[in-house]
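To be precise, the following lines are work.txt, and they hold compact mmCIF, C-alpha atoms and all ligand atoms.
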```txt
# COMPACT_ATOMS: atom_id res chain seq x y z
CA MET A 1 103.67 59.48 91.99
CA ALA A 2 106.78 59.00 94.10
CA SER A 3 106.41 56.57 96.96
CA SER A 4 107.85 56.64 100.49
CA ASP A 5 109.00 53.03 99.97
CA PRO A 6 112.63 53.30 98.73
CA ALA A 7 112.24 50.05 96.79
CA SER A 8 109.31 51.45 94.82
CA LEU A 9 109.78 52.53 91.20
CA SER A 10 106.43 54.24 91.11
CA GLY A 11 106.32 57.28 88.81
CA GLN A 12 109.38 56.12 86.84
CA ALA A 13 109.78 54.89 83.28
CA ALA A 14 112.29 52.29 82.13
CA ILE A 15 113.75 50.89 78.93
CA VAL A 16 114.90 47.26 78.94
CA THR A 17 116.79 46.08 75.87
CA GLY A 18 116.37 42.50 74.72
CA ALA A 19 113.22 42.23 76.81
CA SER A 20 111.12 39.85 74.71
CA THR A 21 112.47 36.74 76.44
CA GLY A 22 114.70 35.43 79.20
CA ILE A 23 116.48 37.71 81.64
CA GLY A 24 115.38 40.87 79.82
CA ALA A 25 111.71 39.89 80.01
CA ALA A 26 112.08 39.10 83.73
CA CYS A 27 113.75 42.47 84.33
CA ALA A 28 110.92 44.24 82.53
CA VAL A 29 108.27 42.42 84.57
CA GLU A 30 110.04 42.94 87.91
CA LEU A 31 110.54 46.65 87.21
CA ALA A 32 106.81 46.86 86.52
CA ARG A 33 106.01 44.92 89.68
CA ALA A 34 108.00 47.57 91.57
CA GLY A 35 105.88 50.28 89.91
CA ALA A 36 107.67 51.37 86.73
CA ASP A 37 106.23 51.75 83.24
CA VAL A 38 108.42 49.84 80.79
CA VAL A 39 109.57 49.95 77.17
CA VAL A 40 110.10 46.38 76.01
CA ASN A 41 112.82 46.48 73.36
CA TYR A 42 113.24 43.49 71.08
CA ARG A 43 115.02 42.61 67.85
CA GLY A 44 113.47 39.31 66.82
CA SER A 45 110.01 38.21 67.75
CA PRO A 46 107.20 40.78 68.12
CA GLN A 47 104.91 38.05 69.53
CA GLU A 48 107.25 37.35 72.44
CA ALA A 49 107.67 41.08 73.08
CA GLU A 50 103.88 41.40 73.19
CA GLU A 51 103.76 38.62 75.79
CA THR A 52 106.09 40.67 78.00
CA VAL A 53 103.89 43.72 77.39
CA THR A 54 100.80 41.74 78.38
CA ALA A 55 102.48 40.51 81.58
CA ILE A 56 103.37 44.09 82.51
CA GLU A 57 99.88 45.39 81.78
CA ALA A 58 98.47 42.64 83.99
CA LEU A 59 100.45 44.26 86.82
CA GLY A 60 98.65 47.54 86.12
CA ARG A 61 101.61 49.30 84.52
CA ARG A 62 102.00 50.78 81.05
CA ALA A 63 104.20 48.96 78.54
CA VAL A 64 105.11 49.32 74.91
CA ALA A 65 107.17 47.08 72.61
CA VAL A 66 109.74 48.82 70.40
CA LYS A 67 111.84 46.98 67.81
CA ALA A 68 115.48 48.08 67.64
CA ASP A 69 118.87 46.50 67.07
CA VAL A 70 121.10 47.71 69.92
CA SER A 71 124.19 47.53 67.73
CA MET A 72 122.77 50.16 65.33
CA GLU A 73 123.21 53.80 66.30
CA ASP A 74 120.08 55.01 64.48
CA ASP A 75 117.98 52.28 66.06
CA ILE A 76 119.04 53.37 69.53
CA LEU A 77 118.15 57.00 68.88
CA ARG A 78 114.74 55.92 67.58
CA LEU A 79 114.25 53.58 70.55
CA PHE A 80 114.72 56.46 73.00
CA ASP A 81 112.58 58.81 70.89
CA GLU A 82 109.71 56.31 70.79
CA ALA A 83 110.13 55.49 74.46
CA GLU A 84 109.87 59.12 75.51
CA ALA A 85 106.98 59.78 73.13
CA ARG A 86 105.02 56.88 74.62
CA LEU A 87 106.01 56.88 78.29
CA GLY A 88 107.60 60.28 78.95
CA PRO A 89 111.09 60.94 80.31
CA ILE A 90 113.12 57.81 81.03
CA ASP A 91 114.57 57.27 84.52
CA ILE A 92 115.92 53.72 84.23
CA VAL A 93 117.79 51.91 81.45
CA VAL A 94 118.65 48.22 81.60
CA SER A 95 121.13 47.30 78.87
CA ASN A 96 120.44 43.60 78.66
CA ALA A 97 120.50 42.48 75.02
CA GLY A 98 123.23 39.91 74.47
CA ILE A 99 124.16 37.01 72.23
CA GLN A 100 126.57 34.06 72.20
CA LYS A 101 128.27 32.53 69.16
CA ASP A 102 130.65 29.87 70.44
CA ALA A 103 133.60 28.39 68.58
CA PRO A 104 137.16 27.27 69.31
CA LEU A 105 139.45 30.23 68.73
CA ALA A 106 141.10 28.79 65.61
CA GLU A 107 137.70 28.27 64.01
CA MET A 108 136.01 31.46 65.14
CA SER A 109 134.98 33.56 62.15
CA LEU A 110 135.50 37.30 62.13
CA ASP A 111 131.74 37.62 61.56
CA ASP A 112 131.00 35.74 64.80
CA TRP A 113 133.57 37.79 66.68
CA ASN A 114 132.14 41.04 65.34
CA ALA A 115 128.51 40.06 65.89
CA VAL A 116 129.04 39.31 69.59
CA ILE A 117 131.12 42.43 70.24
CA ALA A 118 128.59 44.55 68.31
CA VAL A 119 125.58 43.48 70.36
CA ASN A 120 127.12 42.83 73.77
CA LEU A 121 129.70 45.63 74.00
CA THR A 122 129.01 48.26 71.34
CA GLY A 123 125.30 47.91 72.10
CA GLY A 124 126.03 48.62 75.76
CA PHE A 125 128.02 51.70 74.78
CA LEU A 126 125.28 53.03 72.47
CA VAL A 127 122.53 52.43 75.02
CA ALA A 128 124.47 53.98 77.90
CA ARG A 129 125.55 56.98 75.83
CA GLU A 130 121.99 57.76 74.82
CA ALA A 131 120.74 57.16 78.37
CA VAL A 132 123.19 59.72 79.77
CA ARG A 133 122.19 62.28 77.13
CA ARG A 134 118.49 61.82 77.85
CA PHE A 135 118.93 61.87 81.64
CA ARG A 136 120.69 65.24 81.32
CA ARG A 137 117.90 66.60 79.14
CA LYS A 138 115.23 65.34 81.56
CA GLY A 139 116.82 66.93 84.61
CA LEU A 140 116.64 65.86 88.22
CA ARG A 141 113.17 65.16 89.59
CA GLU A 142 113.82 64.81 93.30
CA SER A 143 110.20 64.05 94.03
CA VAL A 144 110.68 60.90 91.94
CA SER A 145 114.24 59.82 92.83
CA PRO A 146 117.41 61.36 94.30
CA ALA A 147 119.23 60.05 91.21
CA LEU A 148 119.08 61.74 87.82
CA GLY A 149 119.06 58.32 86.22
CA LYS A 150 120.04 54.70 86.67
CA ILE A 151 121.77 52.36 84.21
CA VAL A 152 122.28 48.63 84.75
CA PHE A 153 124.27 46.48 82.36
CA ASP A 154 123.50 42.78 82.18
CA SER A 155 127.02 41.40 82.19
CA SER A 156 128.00 37.87 83.24
CA VAL A 157 130.18 35.86 85.56
CA HIS A 158 132.34 35.72 82.44
CA GLN A 159 133.43 39.29 82.98
CA VAL A 160 135.83 37.66 85.49
CA ILE A 161 135.80 33.93 84.63
CA PRO A 162 137.64 33.09 81.38
CA TRP A 163 135.55 30.82 79.16
CA ALA A 164 137.16 28.49 76.61
CA PHE A 165 135.52 28.38 73.17
CA ARG A 166 133.81 31.72 73.83
CA ALA A 167 136.63 34.25 73.35
CA ASN A 168 134.20 36.70 71.73
CA TYR A 169 131.65 36.43 74.54
CA ALA A 170 134.15 36.60 77.42
CA ALA A 171 135.93 39.56 75.77
CA SER A 172 132.61 41.38 75.38
CA LYS A 173 131.72 40.87 79.04
CA GLY A 174 135.21 41.78 80.27
CA GLY A 175 134.87 44.94 78.19
CA LEU A 176 131.46 45.66 79.70
CA LYS A 177 132.98 45.58 83.18
CA LEU A 178 135.34 48.47 82.47
CA LEU A 179 132.77 50.27 80.32
CA MET A 180 130.40 50.19 83.29
CA GLU A 181 133.03 51.25 85.83
CA THR A 182 134.37 54.04 83.63
CA VAL A 183 130.96 55.47 82.84
CA ALA A 184 130.01 55.20 86.52
CA GLN A 185 133.11 57.16 87.48
CA GLU A 186 132.47 59.75 84.76
CA VAL A 187 128.84 60.57 85.57
CA ALA A 188 128.53 59.94 89.32
CA SER A 189 128.80 63.64 90.15
CA GLU A 190 125.70 64.21 88.01
CA LYS A 191 123.82 61.71 90.18
CA ILE A 192 123.65 59.08 87.50
CA ARG A 193 124.17 55.61 88.96
CA VAL A 194 125.70 52.94 86.75
CA ASN A 195 126.00 49.32 87.82
CA ALA A 196 125.99 45.80 86.42
CA VAL A 197 124.61 42.44 87.30
CA GLY A 198 126.73 39.36 86.64
CA PRO A 199 124.41 36.39 86.17
CA GLY A 200 125.71 32.85 86.37
CA ALA A 201 123.84 29.98 84.76
CA ILE A 202 120.26 31.14 84.38
CA ALA A 203 117.61 28.98 82.69
CA THR A 204 117.16 30.77 79.37
CA ALA A 205 117.44 29.88 75.69
CA ILE A 206 121.11 30.93 75.59
CA ASN A 207 122.21 27.83 77.54
CA ALA A 208 119.32 25.45 76.81
CA ALA A 209 121.59 22.96 75.01
CA GLU A 210 124.15 22.92 77.85
CA ARG A 211 121.41 22.38 80.41
CA GLU A 212 119.91 19.58 78.36
CA ASN A 213 123.19 17.75 77.70
CA GLY A 214 125.31 18.61 80.72
CA LEU A 215 123.18 19.66 83.66
CA ASP A 216 125.26 17.65 86.15
CA GLU A 217 128.46 19.29 84.91
CA MET A 218 126.82 22.70 85.17
CA LEU A 219 125.61 22.03 88.71
CA LYS A 220 129.17 21.19 89.80
CA LEU A 221 129.96 24.83 89.07
CA ILE A 222 127.11 26.15 91.24
CA PRO A 223 127.67 25.74 95.00
CA TYR A 224 124.09 26.76 95.73
CA GLY A 225 122.93 23.67 93.86
CA ARG A 226 120.43 25.01 91.37
CA VAL A 227 120.33 26.76 88.03
CA GLY A 228 119.06 30.32 88.37
CA GLU A 229 115.72 31.61 87.17
CA PRO A 230 115.33 34.81 85.14
CA ALA A 231 113.36 36.33 88.04
CA ASP A 232 116.44 35.90 90.28
CA ILE A 233 118.06 38.53 88.05
CA GLY A 234 114.93 40.63 87.51
CA ARG A 235 114.32 41.11 91.24
CA ALA A 236 117.94 42.15 91.85
CA VAL A 237 117.86 44.62 88.97
CA ALA A 238 114.63 46.17 90.26
CA TRP A 239 116.31 46.68 93.62
CA LEU A 240 119.57 47.99 92.12
CA VAL A 241 117.78 50.75 90.20
CA SER A 242 115.61 51.69 93.19
CA ASP A 243 116.41 54.33 95.79
CA ALA A 244 117.01 51.49 98.27
CA ALA A 245 120.35 51.16 96.44
CA ASP A 246 120.93 54.91 96.05
CA TYR A 247 124.53 54.85 97.33
CA ILE A 248 125.62 52.06 94.98
CA THR A 249 127.43 52.92 91.78
CA GLY A 250 130.16 51.30 89.72
CA GLN A 251 129.49 47.83 91.14
CA THR A 252 128.81 44.43 89.66
CA LEU A 253 126.36 42.34 91.64
CA PHE A 254 127.08 38.68 90.85
CA ILE A 255 123.89 36.64 90.95
CA ASP A 256 125.26 33.20 90.36
CA GLY A 257 124.59 30.79 93.23
CA GLY A 258 128.29 31.03 94.07
CA MET A 259 129.72 30.32 90.61
CA THR A 260 132.37 33.02 91.12
CA LEU A 261 133.52 31.38 94.40
CA HIS A 262 135.96 29.00 92.63
CA PRO A 263 133.84 25.94 93.50
CA SER A 264 136.55 23.49 92.39
CA PHE A 265 138.49 24.52 95.52
CA LYS A 266 135.71 23.65 97.93
CA GLY A 267 137.15 20.18 98.76
CA ASN A 268 140.40 21.43 100.28
CA GLY A 269 142.15 23.18 97.43
C1 LIG A 301 126.11 32.56 79.62
C2 LIG A 301 125.43 31.23 79.85
C3 LIG A 301 126.19 30.43 80.89
C4 LIG A 301 126.50 31.26 82.12
C5 LIG A 301 127.39 30.55 83.11
C6 LIG A 301 126.28 33.27 80.93
O1 LIG A 301 126.85 34.53 80.76
O2 LIG A 301 125.34 33.34 78.71
O3 LIG A 301 125.37 30.51 78.62
O4 LIG A 301 125.43 29.30 81.26
O5 LIG A 301 127.10 32.48 81.76
O6 LIG A 301 128.52 29.98 82.50
```

Please express the file's structure as structure tokens.
Amino acid sequence: MASSDPASLSGQAAIVTGASTGIGAACAVELARAGADVVVNYRGSPQEAEETVTAIEALGRRAVAVKADVSMEDDILRLFDEAEARLGPIDIVVSNAGIQKDAPLAEMSLDDWNAVIAVNLTGGFLVAREAVRRFRRKGLRESVSPALGKIVFDSSVHQVIPWAFRANYAASKGGLKLLMETVAQEVASEKIRVNAVGPGAIATAINAAERENGLDEMLKLIPYGRVGEPADIGRAVAWLVSDAADYITGQTLFIDGGMTLHPSFKGNG
């Protein structure tokens, strides 16, 4: 049922990729808290995906875990097929799955370059392409939302901040920025909204080692003075895909405690 609250996602179904842990899991839970039913995509651990499913069900929403590798075309088609079979037409897609494989440039293997680009950038392309196809097939349901569909990419502050020893990761996120903006431009007239979030340092497994060994160094990069929590991203994503944000498309919302504010200049330049 559609709600009169523009922040509500009631009556809508969502797919979140990479939703078994971390930011993806928080996005899935916050979408459910706002009223959506959610497909919890995962590649690795079915147990962790089931924990996300359980958390969503505890909020009174429907959830289903579907295994798929976002870098594989056939997997993405099957993910959407299973999603629609279980939850009906999909209104919201959060392309979140991402990996990091760090190395100095001269030592970076082609495998590590390709793996990061495949998941972070090609995965975003495959997910967004299928989302647009399915939104068109579904058709506009104005009683549910003025938008035909909503896509959010989970990018990074590193779509604008270069990052030594992570050429593959930074290139994938820089690529995502223009993928997002180009797709947004291409499909806006069909009432498909496409945006990104740009998280800074969020407490997840991807940066556990850096937080353990260099928390003070990390905090110097965060004017707001704390590492982010996955829910900081999840809440923003739930808002960005809601009708409260209906006039927003082609934007990256940085959620980074000020990391993109060039904190090293705060003394006096
Ligand atoms: C990376 C994290 C890092 C953060 C801030 C994210 O995109 O995945 O490892 O802590 O950016 O540098």

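Atom pair CA of Leu219 (chain A) / CA of Ile161 (chain A): separated by 16.2 Å.
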
Padding of 6 Å on every side, edges along x, y and z, all listed atoms of region 230-233 of chain A included: what centre and edge lengths in Å, to one decimal, does that box have, as AutoDock Vina command-line options?
```
--center_x 115.7 --center_y 36.7 --center_z 87.7 --size_x 16.7 --size_y 15.7 --size_z 17.1
```

Inset, instruction - For region 1-18 of chain A, list every protein, DNA or RNA residue within 6 Å, evaluated using only C-alpha atoms, and leave out those in the same chain fewer than 2 positions away; present the list as a PyMOL selection string. - result: chain A and resi 20+24+34-42+90-97+144+242-244

Keeping only C-alpha atoms, write the selected residues to a file as an mmCIF file, keeping the file's coordinate frame.
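Listing of part_29.cif after writing:
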```cif
data_model
loop_
_atom_site.group_PDB
_atom_site.id
_atom_site.type_symbol
_atom_site.label_atom_id
_atom_site.label_comp_id
_atom_site.auth_asym_id
_atom_site.auth_seq_id
_atom_site.Cartn_x
_atom_site.Cartn_y
_atom_site.Cartn_z
ATOM 1 C CA SER A 20 111.120 39.850 74.710
ATOM 2 C CA GLY A 24 115.380 40.870 79.820
ATOM 3 C CA ALA A 34 108.000 47.570 91.570
ATOM 4 C CA GLY A 35 105.880 50.280 89.910
ATOM 5 C CA ALA A 36 107.670 51.370 86.730
ATOM 6 C CA ASP A 37 106.230 51.750 83.240
ATOM 7 C CA VAL A 38 108.420 49.840 80.790
ATOM 8 C CA VAL A 39 109.570 49.950 77.170
ATOM 9 C CA VAL A 40 110.100 46.380 76.010
ATOM 10 C CA ASN A 41 112.820 46.480 73.360
ATOM 11 C CA TYR A 42 113.240 43.490 71.080
ATOM 12 C CA ILE A 90 113.120 57.810 81.030
ATOM 13 C CA ASP A 91 114.570 57.270 84.520
ATOM 14 C CA ILE A 92 115.920 53.720 84.230
ATOM 15 C CA VAL A 93 117.790 51.910 81.450
ATOM 16 C CA VAL A 94 118.650 48.220 81.600
ATOM 17 C CA SER A 95 121.130 47.300 78.870
ATOM 18 C CA ASN A 96 120.440 43.600 78.660
ATOM 19 C CA ALA A 97 120.500 42.480 75.020
ATOM 20 C CA VAL A 144 110.680 60.900 91.940
ATOM 21 C CA SER A 242 115.610 51.690 93.190
ATOM 22 C CA ASP A 243 116.410 54.330 95.790
ATOM 23 C CA ALA A 244 117.010 51.490 98.270
#
```

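With distances taken over all atoms listed in the file, A:Val237 is the one residue among A:Ala245, A:Ala184, A:Val237, A:Ala85 lying closest to Val29 (chain A).
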
Given all atoms listed in the file, how would the per-residue table for chain A near ligand LIG 301 (chain A) read, listing every residue at most 10 Å away with its closest atom pair and distance in Å to one decimal, sorted by chain and number, as a tab-separated table?
```
residue	atom	partner	partner_atom	distance
A:Gly98	CA	A:LIG301	O2	8.1
A:Ile99	CA	A:LIG301	O2	7.5
A:Gln100	CA	A:LIG301	O2	6.7
A:Asp102	CA	A:LIG301	O3	9.8
A:Asp154	CA	A:LIG301	O1	9.0
A:Ser155	CA	A:LIG301	O1	7.0
A:Ser156	CA	A:LIG301	O1	4.3
A:Val157	CA	A:LIG301	O5	5.9
A:His158	CA	A:LIG301	O1	5.9
A:Gln159	CA	A:LIG301	O1	8.4
A:Ile161	CA	A:LIG301	O6	8.6
A:Pro162	CA	A:LIG301	O6	9.7
A:Trp163	CA	A:LIG301	O6	7.8
A:Arg166	CA	A:LIG301	C1	9.7
A:Tyr169	CA	A:LIG301	O1	8.1
A:Ala170	CA	A:LIG301	O1	8.3
A:Lys173	CA	A:LIG301	O1	8.2
A:Gly198	CA	A:LIG301	O1	7.6
A:Pro199	CA	A:LIG301	O1	6.2
A:Gly200	CA	A:LIG301	C5	4.3
A:Ala201	CA	A:LIG301	O4	3.9
A:Ile202	CA	A:LIG301	O4	6.3
A:Ala203	CA	A:LIG301	O4	8.0
A:Thr204	CA	A:LIG301	O3	8.2
A:Ala205	CA	A:LIG301	O3	8.5
A:Ile206	CA	A:LIG301	O3	5.2
A:Asn207	CA	A:LIG301	O3	4.3
A:Ala208	CA	A:LIG301	O3	8.1
A:Ala209	CA	A:LIG301	O3	9.2
A:Glu210	CA	A:LIG301	O4	7.3
A:Arg211	CA	A:LIG301	O4	8.0
A:Met218	CA	A:LIG301	O4	7.8
A:Leu221	CA	A:LIG301	O6	8.5
A:Ile222	CA	A:LIG301	C5	9.2
A:Val227	CA	A:LIG301	O4	8.8
A:Gly228	CA	A:LIG301	O4	9.6
A:Asp256	CA	A:LIG301	C5	8.0
A:Met259	CA	A:LIG301	C5	7.9
A:Thr260	CA	A:LIG301	C5	9.7
```

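Minimum atom-to-atom distance to Glu130 (chain A), evaluated using only C-alpha atoms, belongs to A:Arg78 out of A:Val116, A:Gly175, A:Phe153, A:Arg78.
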
Inset, instruction - For Phe135 (chain A), please output as a VMD selection string all residues within 12 Å (counting all atoms listed in the file; exclusion window: fewer than 6 positions along the same chain). - result: chain A and resid 13 to 14 80 84 88 to 93 128 to 129 141 147 to 151 187 190 to 193

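Proximity ranking of A:Val64, A:Leu215, A:Val127, A:Leu178 relative to Gln251 (chain A) places A:Leu178 first, based on all atoms listed in the file.
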
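Interatomic distance, CA of Ala171 (chain A) to CA of Gly123 (chain A): 14.0 Å.
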
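We find CA of Ile248 (chain A) and CA of Lys177 (chain A) to be spaced 15.3 Å apart.
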
Can you give me all heavy atoms for region 137-148 of chain A, written as a PDB file, in the coordinates of the input?
```
ATOM      1  N   ARG A 137     118.981  65.792  79.712  1.00  0.00           N
ATOM      2  CA  ARG A 137     117.900  66.600  79.140  1.00  0.00           C
ATOM      3  C   ARG A 137     116.677  66.603  80.064  1.00  0.00           C
ATOM      4  O   ARG A 137     116.006  67.610  80.203  1.00  0.00           O
ATOM      5  CB  ARG A 137     117.526  66.012  77.779  1.00  0.00           C
ATOM      6  CG  ARG A 137     117.161  67.039  76.744  1.00  0.00           C
ATOM      7  CD  ARG A 137     116.925  66.386  75.401  1.00  0.00           C
ATOM      8  NE  ARG A 137     118.129  65.860  74.780  1.00  0.00           N
ATOM      9  CZ  ARG A 137     118.138  65.002  73.747  1.00  0.00           C
ATOM     10  NH1 ARG A 137     117.007  64.570  73.227  1.00  0.00           N
ATOM     11  NH2 ARG A 137     119.264  64.585  73.235  1.00  0.00           N
ATOM     12  N   LYS A 138     116.395  65.482  80.671  1.00  0.00           N
ATOM     13  CA  LYS A 138     115.230  65.340  81.560  1.00  0.00           C
ATOM     14  C   LYS A 138     115.382  66.202  82.801  1.00  0.00           C
ATOM     15  O   LYS A 138     114.438  66.853  83.237  1.00  0.00           O
ATOM     16  CB  LYS A 138     115.104  63.863  81.967  1.00  0.00           C
ATOM     17  CG  LYS A 138     114.166  63.588  83.129  1.00  0.00           C
ATOM     18  CD  LYS A 138     114.034  62.095  83.384  1.00  0.00           C
ATOM     19  CE  LYS A 138     115.308  61.484  83.968  1.00  0.00           C
ATOM     20  NZ  LYS A 138     115.509  61.732  85.406  1.00  0.00           N
ATOM     21  N   GLY A 139     116.583  66.195  83.374  1.00  0.00           N
ATOM     22  CA  GLY A 139     116.820  66.930  84.610  1.00  0.00           C
ATOM     23  C   GLY A 139     116.382  66.133  85.830  1.00  0.00           C
ATOM     24  O   GLY A 139     115.618  65.165  85.736  1.00  0.00           O
ATOM     25  N   LEU A 140     116.915  66.560  86.966  1.00  0.00           N
ATOM     26  CA  LEU A 140     116.640  65.860  88.220  1.00  0.00           C
ATOM     27  C   LEU A 140     115.204  66.112  88.661  1.00  0.00           C
ATOM     28  O   LEU A 140     114.724  67.241  88.599  1.00  0.00           O
ATOM     29  CB  LEU A 140     117.622  66.369  89.289  1.00  0.00           C
ATOM     30  CG  LEU A 140     117.705  65.609  90.607  1.00  0.00           C
ATOM     31  CD1 LEU A 140     118.129  64.156  90.390  1.00  0.00           C
ATOM     32  CD2 LEU A 140     118.702  66.305  91.538  1.00  0.00           C
ATOM     33  N   ARG A 141     114.533  65.027  89.049  1.00  0.00           N
ATOM     34  CA  ARG A 141     113.170  65.160  89.590  1.00  0.00           C
ATOM     35  C   ARG A 141     113.209  64.547  90.990  1.00  0.00           C
ATOM     36  O   ARG A 141     112.935  63.361  91.166  1.00  0.00           O
ATOM     37  CB  ARG A 141     112.167  64.424  88.708  1.00  0.00           C
ATOM     38  CG  ARG A 141     112.146  64.933  87.268  1.00  0.00           C
ATOM     39  CD  ARG A 141     111.014  64.348  86.483  1.00  0.00           C
ATOM     40  NE  ARG A 141     111.179  62.911  86.274  1.00  0.00           N
ATOM     41  CZ  ARG A 141     110.223  62.105  85.831  1.00  0.00           C
ATOM     42  NH1 ARG A 141     109.026  62.584  85.575  1.00  0.00           N
ATOM     43  NH2 ARG A 141     110.447  60.810  85.654  1.00  0.00           N
ATOM     44  N   GLU A 142     113.581  65.360  91.964  1.00  0.00           N
ATOM     45  CA  GLU A 142     113.820  64.810  93.300  1.00  0.00           C
ATOM     46  C   GLU A 142     112.580  64.219  93.944  1.00  0.00           C
ATOM     47  O   GLU A 142     112.684  63.376  94.834  1.00  0.00           O
ATOM     48  CB  GLU A 142     114.462  65.867  94.202  1.00  0.00           C
ATOM     49  CG  GLU A 142     115.983  65.852  94.047  1.00  0.00           C
ATOM     50  CD  GLU A 142     116.680  66.979  94.781  1.00  0.00           C
ATOM     51  OE1 GLU A 142     116.538  68.144  94.353  1.00  0.00           O
ATOM     52  OE2 GLU A 142     117.348  66.664  95.774  1.00  0.00           O
ATOM     53  N   SER A 143     111.422  64.647  93.475  1.00  0.00           N
ATOM     54  CA  SER A 143     110.200  64.050  94.030  1.00  0.00           C
ATOM     55  C   SER A 143     110.042  62.603  93.552  1.00  0.00           C
ATOM     56  O   SER A 143     109.295  61.823  94.127  1.00  0.00           O
ATOM     57  CB  SER A 143     108.972  64.866  93.615  1.00  0.00           C
ATOM     58  OG  SER A 143     108.863  64.855  92.203  1.00  0.00           O
ATOM     59  N   VAL A 144     110.764  62.260  92.486  1.00  0.00           N
ATOM     60  CA  VAL A 144     110.680  60.900  91.940  1.00  0.00           C
ATOM     61  C   VAL A 144     111.837  60.036  92.444  1.00  0.00           C
ATOM     62  O   VAL A 144     111.641  58.890  92.852  1.00  0.00           O
ATOM     63  CB  VAL A 144     110.685  60.951  90.388  1.00  0.00           C
ATOM     64  CG1 VAL A 144     110.762  59.553  89.804  1.00  0.00           C
ATOM     65  CG2 VAL A 144     109.458  61.694  89.877  1.00  0.00           C
ATOM     66  N   SER A 145     113.055  60.577  92.406  1.00  0.00           N
ATOM     67  CA  SER A 145     114.240  59.820  92.830  1.00  0.00           C
ATOM     68  C   SER A 145     115.375  60.797  93.100  1.00  0.00           C
ATOM     69  O   SER A 145     115.508  61.796  92.383  1.00  0.00           O
ATOM     70  CB  SER A 145     114.657  58.831  91.730  1.00  0.00           C
ATOM     71  OG  SER A 145     115.894  58.228  92.042  1.00  0.00           O
ATOM     72  N   PRO A 146     116.234  60.499  94.088  1.00  0.00           N
ATOM     73  CA  PRO A 146     117.410  61.360  94.300  1.00  0.00           C
ATOM     74  C   PRO A 146     118.429  61.245  93.176  1.00  0.00           C
ATOM     75  O   PRO A 146     119.327  62.077  93.062  1.00  0.00           O
ATOM     76  CB  PRO A 146     117.995  60.864  95.624  1.00  0.00           C
ATOM     77  CG  PRO A 146     117.395  59.522  95.860  1.00  0.00           C
ATOM     78  CD  PRO A 146     116.122  59.443  95.084  1.00  0.00           C
ATOM     79  N   ALA A 147     118.302  60.223  92.332  1.00  0.00           N
ATOM     80  CA  ALA A 147     119.230  60.050  91.210  1.00  0.00           C
ATOM     81  C   ALA A 147     118.642  60.652  89.944  1.00  0.00           C
ATOM     82  O   ALA A 147     117.429  60.592  89.713  1.00  0.00           O
ATOM     83  CB  ALA A 147     119.509  58.561  90.986  1.00  0.00           C
ATOM     84  N   LEU A 148     119.522  61.211  89.112  1.00  0.00           N
ATOM     85  CA  LEU A 148     119.080  61.740  87.820  1.00  0.00           C
ATOM     86  C   LEU A 148     118.710  60.600  86.881  1.00  0.00           C
ATOM     87  O   LEU A 148     117.827  60.737  86.040  1.00  0.00           O
ATOM     88  CB  LEU A 148     120.229  62.575  87.216  1.00  0.00           C
ATOM     89  CG  LEU A 148     120.040  63.154  85.823  1.00  0.00           C
ATOM     90  CD1 LEU A 148     118.881  64.137  85.772  1.00  0.00           C
ATOM     91  CD2 LEU A 148     121.324  63.854  85.363  1.00  0.00           C
TER      92      LEU A 148
END
```
